[in-house]
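Data block for coords28.tsv (TSV, C-alpha atoms and all ligand atoms):
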chain	number	residue	atom	x	y	z
T	265	MET	CA	57.76	-23.05	-33.08
T	266	ARG	CA	55.86	-26.35	-33.24
T	267	ALA	CA	52.22	-26.32	-32.11
T	268	LEU	CA	49.30	-28.75	-32.29
T	269	VAL	CA	46.39	-26.58	-33.39
T	270	THR	CA	42.75	-27.04	-34.27
T	271	ASP	CA	40.23	-24.89	-36.13
T	272	THR	CA	37.63	-25.38	-38.86
T	273	ASP	CA	40.30	-27.17	-40.97
T	274	GLY	CA	40.73	-29.79	-38.22
T	275	PRO	CA	43.74	-30.65	-36.05
T	276	ARG	CA	47.33	-30.50	-37.35
T	277	LEU	CA	50.91	-30.01	-36.20
T	278	ILE	CA	52.31	-26.69	-37.42
T	279	THR	CA	56.07	-26.21	-37.34
T	280	THR	CA	56.10	-22.50	-38.17
T	281	HIS	CA	53.69	-21.19	-35.54
T	282	ALA	CA	54.70	-17.67	-34.45
T	283	LEU	CA	56.40	-17.42	-31.07
T	284	PRO	CA	53.92	-15.66	-28.76
T	285	GLU	CA	54.76	-12.17	-27.49
T	286	VAL	CA	55.14	-11.60	-23.75
T	287	GLY	CA	52.89	-8.94	-22.21
T	288	PRO	CA	53.95	-6.74	-19.23
T	289	THR	CA	52.62	-9.13	-16.53
T	290	GLU	CA	53.16	-12.36	-18.43
T	291	ALA	CA	55.82	-15.06	-18.63
T	292	LEU	CA	57.17	-17.09	-21.54
T	293	VAL	CA	57.23	-20.76	-20.58
T	294	ARG	CA	59.17	-23.39	-22.52
T	295	VAL	CA	56.91	-26.44	-22.30
T	296	GLU	CA	58.57	-29.70	-21.17
T	297	HIS	CA	55.51	-31.93	-20.89
T	298	ALA	CA	51.84	-31.40	-21.73
T	299	GLY	CA	48.77	-33.45	-20.87
T	300	LEU	CA	46.48	-34.87	-23.51
T	301	SER	CA	43.04	-35.56	-22.02
T	302	PRO	CA	39.52	-36.25	-23.28
T	303	MET	CA	39.02	-32.47	-23.25
T	304	GLU	CA	41.60	-32.04	-26.01
T	305	LEU	CA	39.94	-34.83	-27.99
T	306	ALA	CA	36.58	-33.07	-27.57
T	307	ALA	CA	38.15	-29.80	-28.75
T	308	VAL	CA	39.50	-31.32	-31.98
T	309	ALA	CA	36.18	-33.10	-32.53
T	310	GLY	CA	34.41	-29.72	-32.50
T	311	ARG	CA	32.53	-30.47	-29.26
T	312	ILE	CA	34.28	-27.53	-27.57
T	313	ASP	CA	34.25	-24.08	-29.15
T	314	HIS	CA	38.01	-23.50	-29.40
T	315	SER	CA	40.39	-22.50	-32.18
T	316	GLY	CA	44.15	-22.38	-31.79
T	317	VAL	CA	46.74	-24.41	-29.88
T	318	ILE	CA	45.18	-27.19	-27.78
T	319	GLY	CA	46.29	-28.53	-24.38
T	320	HIS	CA	45.24	-27.31	-20.93
T	321	GLU	CA	47.92	-28.95	-18.77
T	322	LEU	CA	51.68	-28.40	-18.74
T	323	VAL	CA	54.97	-28.48	-16.93
T	324	GLY	CA	57.59	-26.08	-18.22
T	325	THR	CA	60.37	-23.63	-17.42
T	326	VAL	CA	59.99	-19.87	-17.22
T	327	GLU	CA	62.36	-18.43	-19.84
T	328	LYS	CA	61.34	-14.78	-20.03
T	329	LEU	CA	59.33	-12.29	-17.93
T	330	GLY	CA	57.27	-9.27	-18.94
T	331	SER	CA	58.43	-5.72	-18.19
T	332	ARG	CA	56.26	-5.27	-15.06
T	333	VAL	CA	57.19	-8.62	-13.47
T	334	SER	CA	60.84	-8.77	-14.54
T	335	LYS	CA	62.13	-8.92	-10.94
T	336	SER	CA	60.15	-12.08	-10.15
T	337	HIS	CA	62.08	-15.02	-8.68
T	338	MET	CA	60.19	-17.31	-11.08
T	339	LEU	CA	62.69	-16.85	-13.92
T	340	GLY	CA	64.29	-20.21	-14.66
T	341	LYS	CA	61.89	-22.10	-12.38
T	342	ARG	CA	59.97	-25.24	-13.33
T	343	VAL	CA	56.25	-24.49	-13.12
T	344	VAL	CA	52.72	-25.76	-13.63
T	345	ALA	CA	49.88	-23.48	-14.69
T	346	SER	CA	46.33	-22.94	-13.53
T	347	PRO	CA	44.22	-23.37	-16.70
T	348	ASP	CA	41.76	-20.59	-15.82
T	349	VAL	CA	43.03	-17.23	-17.04
T	350	ALA	CA	41.28	-14.33	-15.27
T	351	CYS	CA	41.19	-10.69	-16.35
T	352	GLY	CA	42.07	-9.36	-12.89
T	353	SER	CA	39.89	-6.28	-13.32
T	354	CYS	CA	36.21	-7.33	-13.34
T	355	ASP	CA	34.02	-7.13	-10.22
T	356	LEU	CA	34.40	-10.85	-9.45
T	357	CYS	CA	38.18	-10.78	-9.82
T	358	LYS	CA	38.29	-7.81	-7.45
T	359	LYS	CA	36.18	-9.74	-4.94
T	360	GLY	CA	38.71	-12.58	-4.95
T	361	LEU	CA	36.53	-14.80	-7.14
T	362	SER	CA	38.90	-14.81	-10.11
T	363	VAL	CA	38.04	-18.46	-10.80
T	364	HIS	CA	34.62	-17.09	-11.79
T	365	CYS	CA	36.05	-14.09	-13.73
T	366	ARG	CA	33.47	-12.63	-16.09
T	367	ASN	CA	36.07	-12.63	-18.88
T	368	ARG	CA	37.51	-16.04	-18.05
T	369	LYS	CA	39.65	-17.76	-20.68
T	370	VAL	CA	40.90	-21.33	-20.39
T	371	ILE	CA	44.28	-22.48	-21.64
T	372	GLY	CA	43.86	-24.57	-24.77
T	373	LEU	CA	40.08	-24.75	-24.39
T	374	SER	CA	38.61	-21.27	-24.66
T	375	HIS	CA	40.07	-18.10	-26.21
T	376	HIS	CA	43.65	-18.86	-25.09
T	377	ASP	CA	46.38	-20.86	-26.82
T	378	GLY	CA	47.25	-24.15	-25.15
T	379	SER	CA	50.26	-26.16	-24.06
T	380	LEU	CA	50.86	-28.66	-26.88
T	381	ALA	CA	53.54	-26.38	-28.31
T	382	ASP	CA	57.20	-25.50	-27.74
T	383	TYR	CA	56.22	-22.34	-25.86
T	384	ILE	CA	53.21	-20.78	-24.15
T	385	VAL	CA	52.72	-17.27	-22.75
T	386	LEU	CA	50.71	-17.02	-19.54
T	387	PRO	CA	50.03	-14.44	-16.84
T	388	LEU	CA	52.75	-14.86	-14.20
T	389	ARG	CA	50.08	-15.18	-11.50
T	390	ASN	CA	48.84	-18.41	-13.16
T	391	LEU	CA	52.15	-20.15	-12.51
T	392	THR	CA	53.15	-22.22	-9.48
T	393	GLU	CA	56.65	-23.55	-8.91
T	394	VAL	CA	57.14	-27.33	-8.96
T	395	ARG	CA	59.43	-28.62	-6.23
T	396	ALA	CA	62.45	-30.65	-7.33
T	397	ASP	CA	61.18	-33.80	-5.60
T	398	ILE	CA	58.00	-33.99	-7.71
T	399	ASP	CA	58.20	-36.01	-10.95
T	400	PRO	CA	57.48	-33.43	-13.70
T	401	GLN	CA	55.64	-36.01	-15.81
T	402	LEU	CA	53.17	-36.49	-12.96
T	403	ALA	CA	53.02	-32.79	-12.06
T	404	VAL	CA	51.43	-32.33	-15.50
T	405	LEU	CA	48.23	-33.69	-13.95
T	406	ALA	CA	48.19	-31.06	-11.18
T	407	PRO	CA	45.05	-29.31	-12.55
T	408	ALA	CA	43.11	-32.61	-12.59
T	409	VAL	CA	44.27	-33.46	-9.09
T	410	ALA	CA	43.37	-29.95	-7.93
T	411	ASP	CA	39.84	-30.47	-9.26
T	412	ALA	CA	39.56	-33.73	-7.31
T	413	VAL	CA	40.73	-32.05	-4.10
T	414	HIS	CA	38.19	-29.29	-4.76
T	415	VAL	CA	35.38	-31.85	-5.06
T	416	ALA	CA	36.46	-33.30	-1.73
T	417	HIS	CA	36.20	-29.81	-0.20
T	418	MET	CA	32.68	-29.44	-1.62
T	419	ALA	CA	31.27	-32.92	-0.94
T	420	PRO	CA	30.08	-33.38	2.66
T	421	VAL	CA	31.36	-36.96	3.06
T	422	GLU	CA	32.65	-37.01	6.63
T	423	LYS	CA	30.53	-39.11	9.00
T	424	GLN	CA	28.37	-40.33	6.11
T	425	THR	CA	27.72	-44.03	5.65
T	426	TYR	CA	27.23	-44.28	1.91
T	427	VAL	CA	29.20	-42.29	-0.62
T	428	THR	CA	29.29	-43.01	-4.37
T	429	VAL	CA	31.48	-41.56	-7.09
T	430	LEU	CA	29.72	-42.01	-10.43
T	431	GLY	CA	32.08	-42.13	-13.41
T	432	ASP	CA	35.24	-43.94	-14.47
T	433	GLY	CA	37.32	-41.33	-16.27
T	434	ALA	CA	40.42	-39.76	-14.76
T	435	ALA	CA	38.31	-37.17	-12.89
T	436	ALA	CA	36.24	-39.88	-11.18
T	437	LEU	CA	39.29	-42.06	-10.47
T	438	LEU	CA	41.04	-39.11	-8.84
T	439	ALA	CA	37.97	-37.93	-6.91
T	440	ALA	CA	37.42	-41.47	-5.58
T	441	GLN	CA	41.03	-41.63	-4.36
T	442	VAL	CA	40.84	-38.28	-2.54
T	443	LEU	CA	37.39	-38.93	-1.07
T	444	ALA	CA	38.36	-42.44	0.08
T	445	LYS	CA	41.04	-40.87	2.28
T	446	ARG	CA	38.27	-38.99	4.09
T	447	ASN	CA	35.67	-41.73	4.15
T	448	ALA	CA	36.54	-45.40	3.75
T	449	SER	CA	33.02	-46.28	2.59
T	450	VAL	CA	33.48	-44.52	-0.77
T	451	ARG	CA	32.63	-46.70	-3.77
T	452	LEU	CA	33.02	-46.03	-7.47
T	453	VAL	CA	30.24	-46.86	-9.92
T	454	GLY	CA	31.46	-47.00	-13.51
T	455	ALA	CA	30.76	-48.45	-16.93
T	456	ARG	CA	34.23	-49.81	-17.76
T	457	GLU	CA	35.03	-52.98	-15.84
T	458	GLU	CA	38.63	-52.93	-17.06
T	459	ARG	CA	39.23	-49.93	-14.83
T	460	PHE	CA	37.98	-51.62	-11.66
T	461	GLY	CA	41.45	-53.14	-11.18
T	462	LEU	CA	42.61	-49.63	-10.31
T	463	CYS	CA	40.00	-49.43	-7.56
T	464	GLU	CA	41.27	-52.74	-6.22
T	465	ARG	CA	44.83	-51.38	-6.24
T	466	TRP	CA	43.56	-48.46	-4.14
T	467	GLN	CA	41.24	-50.64	-2.02
T	468	ILE	CA	38.21	-48.70	-3.17
T	469	ARG	CA	34.93	-50.59	-3.56
T	470	HIS	CA	33.42	-50.58	-7.05
T	471	ARG	CA	30.32	-51.63	-8.91
T	472	HIS	CA	29.20	-51.75	-12.52
T	473	ILE	CA	26.60	-49.22	-13.58
T	474	SER	CA	24.38	-51.98	-15.01
T	475	GLU	CA	23.95	-53.76	-11.68
T	476	PRO	CA	20.54	-53.07	-10.23
T	477	GLY	CA	20.40	-51.17	-7.00
T	478	LEU	CA	19.06	-47.64	-7.27
T	479	ARG	CA	17.94	-48.03	-3.70
T	480	ALA	CA	17.82	-44.38	-2.74
T	481	ASP	CA	20.16	-45.06	0.17
T	482	GLN	CA	23.30	-43.05	-0.65
T	483	ASP	CA	24.12	-40.02	1.48
T	484	VAL	CA	26.31	-38.39	-1.17
T	485	VAL	CA	26.70	-39.05	-4.89
T	486	VAL	CA	29.51	-37.28	-6.74
T	487	VAL	CA	29.00	-37.29	-10.52
T	488	CYS	CA	32.26	-36.76	-12.43
T	489	LEU	CA	31.48	-36.12	-16.07
T	490	GLU	CA	34.10	-35.95	-18.80
T	491	PRO	CA	33.58	-36.05	-22.55
T	492	GLU	CA	35.03	-39.57	-22.76
T	493	VAL	CA	32.52	-41.21	-20.46
T	494	GLY	CA	30.45	-43.77	-22.33
T	495	PRO	CA	26.82	-43.49	-23.37
T	496	SER	CA	25.49	-45.04	-20.18
T	497	LEU	CA	27.01	-42.21	-18.14
T	498	THR	CA	26.45	-39.22	-20.36
T	499	GLY	CA	24.71	-36.17	-19.04
T	500	THR	CA	21.11	-36.49	-17.93
T	501	ASP	CA	21.42	-40.29	-17.69
T	502	ALA	CA	24.14	-39.85	-15.10
T	503	VAL	CA	22.11	-37.26	-13.22
T	504	ARG	CA	19.04	-39.52	-13.25
T	505	THR	CA	21.09	-42.49	-12.06
T	506	ALA	CA	22.63	-40.38	-9.30
T	507	LEU	CA	19.23	-39.15	-8.12
T	508	GLY	CA	17.98	-42.75	-8.06
T	509	MET	CA	20.82	-43.63	-5.69
T	510	LEU	CA	20.33	-40.75	-3.27
T	511	ARG	CA	18.34	-40.82	-0.07
T	512	PRO	CA	16.03	-37.91	0.80
T	513	ARG	CA	18.09	-34.91	1.90
T	514	GLY	CA	21.14	-36.46	0.25
T	515	SER	CA	23.76	-34.39	-1.57
T	516	LEU	CA	24.35	-34.51	-5.31
T	517	VAL	CA	27.73	-33.07	-6.32
T	518	LEU	CA	28.14	-32.42	-10.04
T	519	GLN	CA	31.75	-32.09	-11.14
T	520	GLY	CA	32.12	-30.96	-14.71
T	521	PRO	CA	34.68	-29.67	-17.16
T	522	ALA	CA	36.12	-26.16	-17.32
T	523	VAL	CA	34.18	-25.26	-20.45
T	524	HIS	CA	30.95	-26.29	-22.13
T	525	VAL	CA	31.19	-29.59	-23.99
T	526	GLN	CA	28.51	-30.51	-26.51
T	527	GLY	CA	26.81	-33.76	-25.52
T	528	LEU	CA	27.53	-33.42	-21.81
T	529	ASP	CA	24.17	-32.40	-20.43
T	530	PHE	CA	23.79	-31.80	-16.71
T	531	SER	CA	20.18	-30.70	-17.03
T	532	LEU	CA	18.00	-31.74	-14.12
T	533	GLY	CA	14.92	-31.44	-16.36
T	534	ASP	CA	12.03	-33.49	-14.99
T	535	HIS	CA	14.16	-34.53	-12.03
T	536	LEU	CA	13.98	-31.11	-10.45
T	537	GLU	CA	10.67	-32.20	-8.93
T	538	GLN	CA	12.46	-35.05	-7.16
T	539	VAL	CA	15.08	-32.62	-5.89
T	540	ILE	CA	12.29	-30.59	-4.27
T	541	ARG	CA	10.25	-33.56	-3.02
T	542	ASP	CA	13.24	-35.29	-1.43
T	543	GLU	CA	14.85	-32.02	-0.30
T	544	MET	CA	18.17	-32.79	-1.94
T	545	ARG	CA	21.22	-30.60	-2.02
T	546	VAL	CA	22.76	-29.98	-5.43
T	547	LEU	CA	26.32	-28.62	-5.60
T	548	GLY	CA	28.36	-27.70	-8.65
T	549	ALA	CA	32.13	-28.12	-8.73
T	550	ARG	CA	34.72	-27.26	-11.35
T	551	SER	CA	38.23	-25.90	-10.86
T	552	GLY	CA	40.44	-26.41	-7.83
T	553	ARG	CA	43.58	-24.61	-6.71
T	554	ILE	CA	46.68	-25.72	-8.59
T	555	GLY	CA	48.81	-25.46	-5.42
T	556	GLU	CA	46.55	-27.95	-3.65
T	557	GLY	CA	46.86	-30.29	-6.62
T	558	LEU	CA	50.66	-30.15	-6.48
T	559	GLU	CA	50.62	-30.69	-2.73
T	560	ALA	CA	48.38	-33.75	-3.13
T	561	ILE	CA	50.85	-35.18	-5.67
T	562	ALA	CA	53.89	-34.42	-3.49
T	563	SER	CA	52.33	-35.97	-0.38
T	564	GLY	CA	51.25	-39.15	-2.17
T	565	LEU	CA	47.55	-38.47	-1.51
T	566	VAL	CA	46.85	-39.70	-5.05
T	567	ASP	CA	48.43	-42.52	-7.07
T	568	LEU	CA	48.93	-41.09	-10.57
T	569	VAL	CA	51.31	-43.59	-12.12
T	570	PRO	CA	48.63	-46.01	-13.42
T	571	LEU	CA	46.55	-43.13	-14.79
T	572	VAL	CA	49.30	-42.11	-17.23
T	573	THR	CA	48.76	-44.93	-19.69
T	574	ARG	CA	50.73	-43.45	-22.60
T	575	ARG	CA	53.84	-41.33	-22.93
T	576	ALA	CA	54.37	-39.73	-26.30
T	577	ARG	CA	56.21	-36.98	-28.20
T	578	LEU	CA	54.82	-33.87	-29.84
T	579	ASP	CA	56.36	-34.89	-33.19
T	580	GLU	CA	53.72	-37.64	-33.45
T	581	GLY	CA	51.37	-34.80	-34.45
T	582	VAL	CA	47.75	-35.77	-35.08
T	583	GLY	CA	48.69	-39.42	-34.48
T	584	LEU	CA	48.80	-38.42	-30.81
T	585	LEU	CA	45.09	-37.73	-30.88
T	586	ARG	CA	44.22	-41.04	-32.51
T	587	ALA	CA	46.28	-42.99	-29.97
T	588	ALA	CA	44.92	-41.02	-27.01
T	589	GLY	CA	41.38	-41.91	-28.11
T	590	GLU	CA	41.95	-45.68	-27.81
T	591	PRO	CA	39.66	-47.15	-25.14
T	592	GLU	CA	42.50	-48.38	-22.91
T	593	GLN	CA	44.04	-44.93	-22.61
T	594	ILE	CA	43.26	-42.88	-19.52
T	595	ARG	CA	45.81	-40.07	-19.78
T	596	THR	CA	48.61	-39.32	-22.23
T	597	VAL	CA	51.61	-37.20	-21.25
T	598	VAL	CA	53.37	-35.63	-24.23
T	599	SER	CA	57.06	-34.72	-24.08
T	600	ILE	CA	57.59	-31.53	-26.01
T	601	ALA	CA	61.40	-31.47	-26.36
T	602	ALA	CA	62.37	-32.44	-29.90
I	1	ZN	ZN	37.85	-10.92	-14.17
Taking this structure as input, can you express it in the form of C-alpha cells?
Ligand SMILES: [Zn+2]
Amino acid sequence: MRALVTDTDGPRLITTHALPEVGPTEALVRVEHAGLSPMELAAVAGRIDHSGVIGHELVGTVEKLGSRVSKSHMLGKRVVASPDVACGSCDLCKKGLSVHCRNRKVIGLSHHDGSLADYIVLPLRNLTEVRADIDPQLAVLAPAVADAVHVAHMAPVEKQTYVTVLGDGAAALLAAQVLAKRNASVRLVGAREERFGLCERWQIRHRHISEPGLRADQDVVVVCLEPEVGPSLTGTDAVRTALGMLRPRGSLVLQGPAVHVQGLDFSLGDHLEQVIRDEMRVLGARSGRIGEGLEAIASGLVDLVPLVTRRARLDEGVGLLRAAGEPEQIRTVVSIAA
C-alpha cells in the first residue's frame, strides 16, 4: 500500500508499504481522507519523536474485523478515530482514565502508524461511526474539534466578564468558536492579522498580540499552543503574556498537543511566583472525546469550512508537506483514494 512515512531518512511516499495485520480486537480501516496539520509537519521536521506513517486524523471505512470483534456492527461503516490508543490493561485504563493510559500511543505521532496511507489498523474501541449527514471531509477534523469542546468543559467561562483565547492556529480558532457560544465576551489574541477575518465572520472580537494592554484584568485566559504558532506566541512567551493578562485568582488554561513537541515550552519557570502571589488557577487540557467532536460538527457548533484551506491527494507525496507549510494554510485535508 501507499504510505507517507518519516524516520531518520526524512519524509517520503512509499508505494510498497506492507499492509498491516489485524489483531483480535482491531479493525482494518480503508482511509478515505486524512488531516495534515502542524503536528505532522513537526513530526517530519524531527520536533516530535516519531518514526513510521504520519497522520493523526482520518475518515475511513471499516473493511475487516479481528477475530474477537468479528460480530461488530461496525463492518462497512464510515468512521473517525480517536488518536489516543490505550492499552486497556494498566491501572489508569481500568479506572476509566484510558486517555491517560500509562502505555499510551498516538496515531501517527507516537509509537503507532498514522493515517496518511491506504489503510490503518486500529483498536475497534477507538472508532466512532460518522453519520451520513456529516461531510466526511469535515469529519476529518473531529479530533481537533473534540479538543476544543474539551477546553470549553475545562475553562470556567460562564458568568465571567473577560475571556481571552491566546493563539491563532486551528486549535485556538476552534476553541474561540466553542467558547464564544458559552460567553459572548470571548476575544482572540493572535499574531497573524490575516486570520482576524475569520473572527469577524464568527463575530468574535480579536486583537493583535503586539498591542499593549497586559492589564491584568482577564478572568480566564486559554492558551492554545501548536507547533505552527509564530515566535511571539511560542511556549514561555505565551505563558508570560497570558499571566500578564490575568487578574488575581484568574484561571489559566493551557491547551497543548497530544505529544511532546520540541520548542513548545509550557514551563512556568519564574512565573510560578506570580501564580502563588495572585492565587491563580492553572489547568492543563489535551484530548477531548471524539464523539463530542463529531456532535459539534453535526450540530453546526463550529464553522470548519474556512479552516480547511487546502484539499490535496496522497499522490502528491512530500509535496503535500511543503504546501501545507505555507503561511496561508490552516488545515489540509488529503484524499487518499488513488
Ligand atoms: Zn493503559
Calculated over all atoms listed in the file, which of the candidates T:Ser531, T:Ser551, T:Ser346, T:Gln538 has the smallest distance to Gly508 (chain T)?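 Of T:Ser531, T:Ser551, T:Ser346, T:Gln538, the one nearest Gly508 (chain T) is T:Gln538, counting all atoms listed in the file.
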Could you give me, as a count of residues only, the residues that have an atom at most 10 Å away from the point (34.1, -34.3, 0.6) in the coordinates of the file, using only C-alpha atoms? 23
Given the choices T:Gly352, T:Gly583, T:Pro512, T:Gly433, which gets closest to ligand ZN 1 (chain I) if the distance is worked out from only C-alpha atoms and all ligand atoms? T:Gly352
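Of the residues under consideration (T:His337, T:Arg471, T:Arg541, T:Lys358), T:Lys358 shows the shortest atom-to-atom contact distance to ligand ZN 1 (chain I) when counting all atoms listed in the file.
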How close does each residue of region 386-426 of chain T get to region 370-378 of chain T, giving the shortest atom pair and distance in Å to one decimal for every residue with an atom at most 12 Å away, counting only C-alpha atoms, sorted by chain and residue number, as CSV?
residue,atom,partner,partner_atom,distance
T:Leu386,CA,T:Ile371,CA,8.7
T:Pro387,CA,T:Ile371,CA,11.0
T:Asn390,CA,T:Ile371,CA,10.5
T:Pro407,CA,T:Ile371,CA,11.4
What does the file look like for those residues with C-alpha atoms, as a PDB file, in the frame of the given file?
ATOM      1  CA  LEU T 386      50.710 -17.020 -19.540  1.00  0.00           C
ATOM      2  CA  PRO T 387      50.030 -14.440 -16.840  1.00  0.00           C
ATOM      3  CA  ASN T 390      48.840 -18.410 -13.160  1.00  0.00           C
ATOM      4  CA  PRO T 407      45.050 -29.310 -12.550  1.00  0.00           C
TER       5      PRO T 407
END
All residues 12 Å or closer to Pro275 (chain T), all atoms listed in the file, same chain fewer than 6 positions away omitted, as a list in words: Ala267, Leu268, Val269, Glu304, Leu305, Ala306, Ala307, Val308, Ala309, Gly310, His314, Ser315, Gly316, Val317, Ile318, Leu380, Gly581, Val582, Gly583, Leu584, Leu585 and Arg586 of chain T
Hey, can you check how far CA of Lys335 (chain T) sits from CA of Glu285 (chain T)? 18.4 Å
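Counting from CA of Ala455 (chain T), the distance to CA of Leu565 (chain T) is 24.9 Å.
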Residues within 8 Å of ligand ZN 1 (chain I) (only C-alpha atoms and all ligand atoms), as a PyMOL selection string? chain T and resi 350-358+362+364-368
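Of the listed residues T:Gly514, T:Gly431, T:Gly520, T:Gly557, the one whose atoms come nearest to Ile540 (chain T) is T:Gly514, with distances taken using only C-alpha atoms.
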Can you pull out the residues contacting region 461-468 of chain T? Cut-off 8 Å, using all atoms listed in the file, and skip same-chain residues under 3 positions away; I want them as a PyMOL selection string. chain T and resi 437+440-441+444+448+450-452+457-458+570
What is the distance between CA of Gly589 (chain T) and CA of Leu516 (chain T), in Å to one decimal? 29.4 Å
Got a sec: who's within 8 Å of Ala345 (chain T), counting all atoms listed in the file, leaving out chain neighbours fewer than 2 positions off, as an MDAnalysis selection string? chainID T and resid 321:323 343 347 390:392 407 554
Saved selection, atoms kept: C-alpha atoms, as a PDB file, in the coordinates of the input:
ATOM      1  CA  GLU T 321      47.920 -28.950 -18.770  1.00  0.00           C
ATOM      2  CA  LEU T 322      51.680 -28.400 -18.740  1.00  0.00           C
ATOM      3  CA  VAL T 323      54.970 -28.480 -16.930  1.00  0.00           C
ATOM      4  CA  VAL T 343      56.250 -24.490 -13.120  1.00  0.00           C
ATOM      5  CA  PRO T 347      44.220 -23.370 -16.700  1.00  0.00           C
ATOM      6  CA  ASN T 390      48.840 -18.410 -13.160  1.00  0.00           C
ATOM      7  CA  LEU T 391      52.150 -20.150 -12.510  1.00  0.00           C
ATOM      8  CA  THR T 392      53.150 -22.220  -9.480  1.00  0.00           C
ATOM      9  CA  PRO T 407      45.050 -29.310 -12.550  1.00  0.00           C
ATOM     10  CA  ILE T 554      46.680 -25.720  -8.590  1.00  0.00           C
TER      11      ILE T 554
END
Determine, counting only C-alpha atoms, which protein, DNA and RNA residues have an atom within 10 Å of an atom of Ser331 (chain T); residues of the same chain fewer than 5 positions away are not included. Present the result as a list of chain:residue names. T:Val286, T:Gly287, T:Pro288, T:Thr289, T:Glu290, T:Ala291
What are the centre and edge lengths in Å, to one decimal, of the axis-aligned box around all listed atoms of region 508-515 of chain T with 5 Å added on each side, as AutoDock Vina command-line options?
--center_x 19.9 --center_y -39.0 --center_z -3.1 --size_x 17.7 --size_y 19.2 --size_z 20.0
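Near (63.6, -19.5, -18.8), the residues that fall inside 12 Å on the basis of only C-alpha atoms are Ala291, Leu292, Val293, Arg294, Val295, Glu296, Gly324, Thr325, Val326, Glu327, Lys328, Leu329, Ser334, Ser336, His337, Met338, Leu339, Gly340, Lys341, Arg342, Val343, Tyr383, Ile384 and Val385 of chain T.
Distance annotation: of T:Asp481, T:Arg389, T:His524, T:Glu490, the residue with the minimal separation from Ala506 (chain T) is T:Asp481; atom set is only C-alpha atoms.
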Within 6 Å of Gly454 (chain T), counting all atoms listed in the file, which residues show up once you throw out same-chain ones fewer than 6 positions away? Write them as a VMD selection string, please. chain T and resid 431 to 432 472 to 473
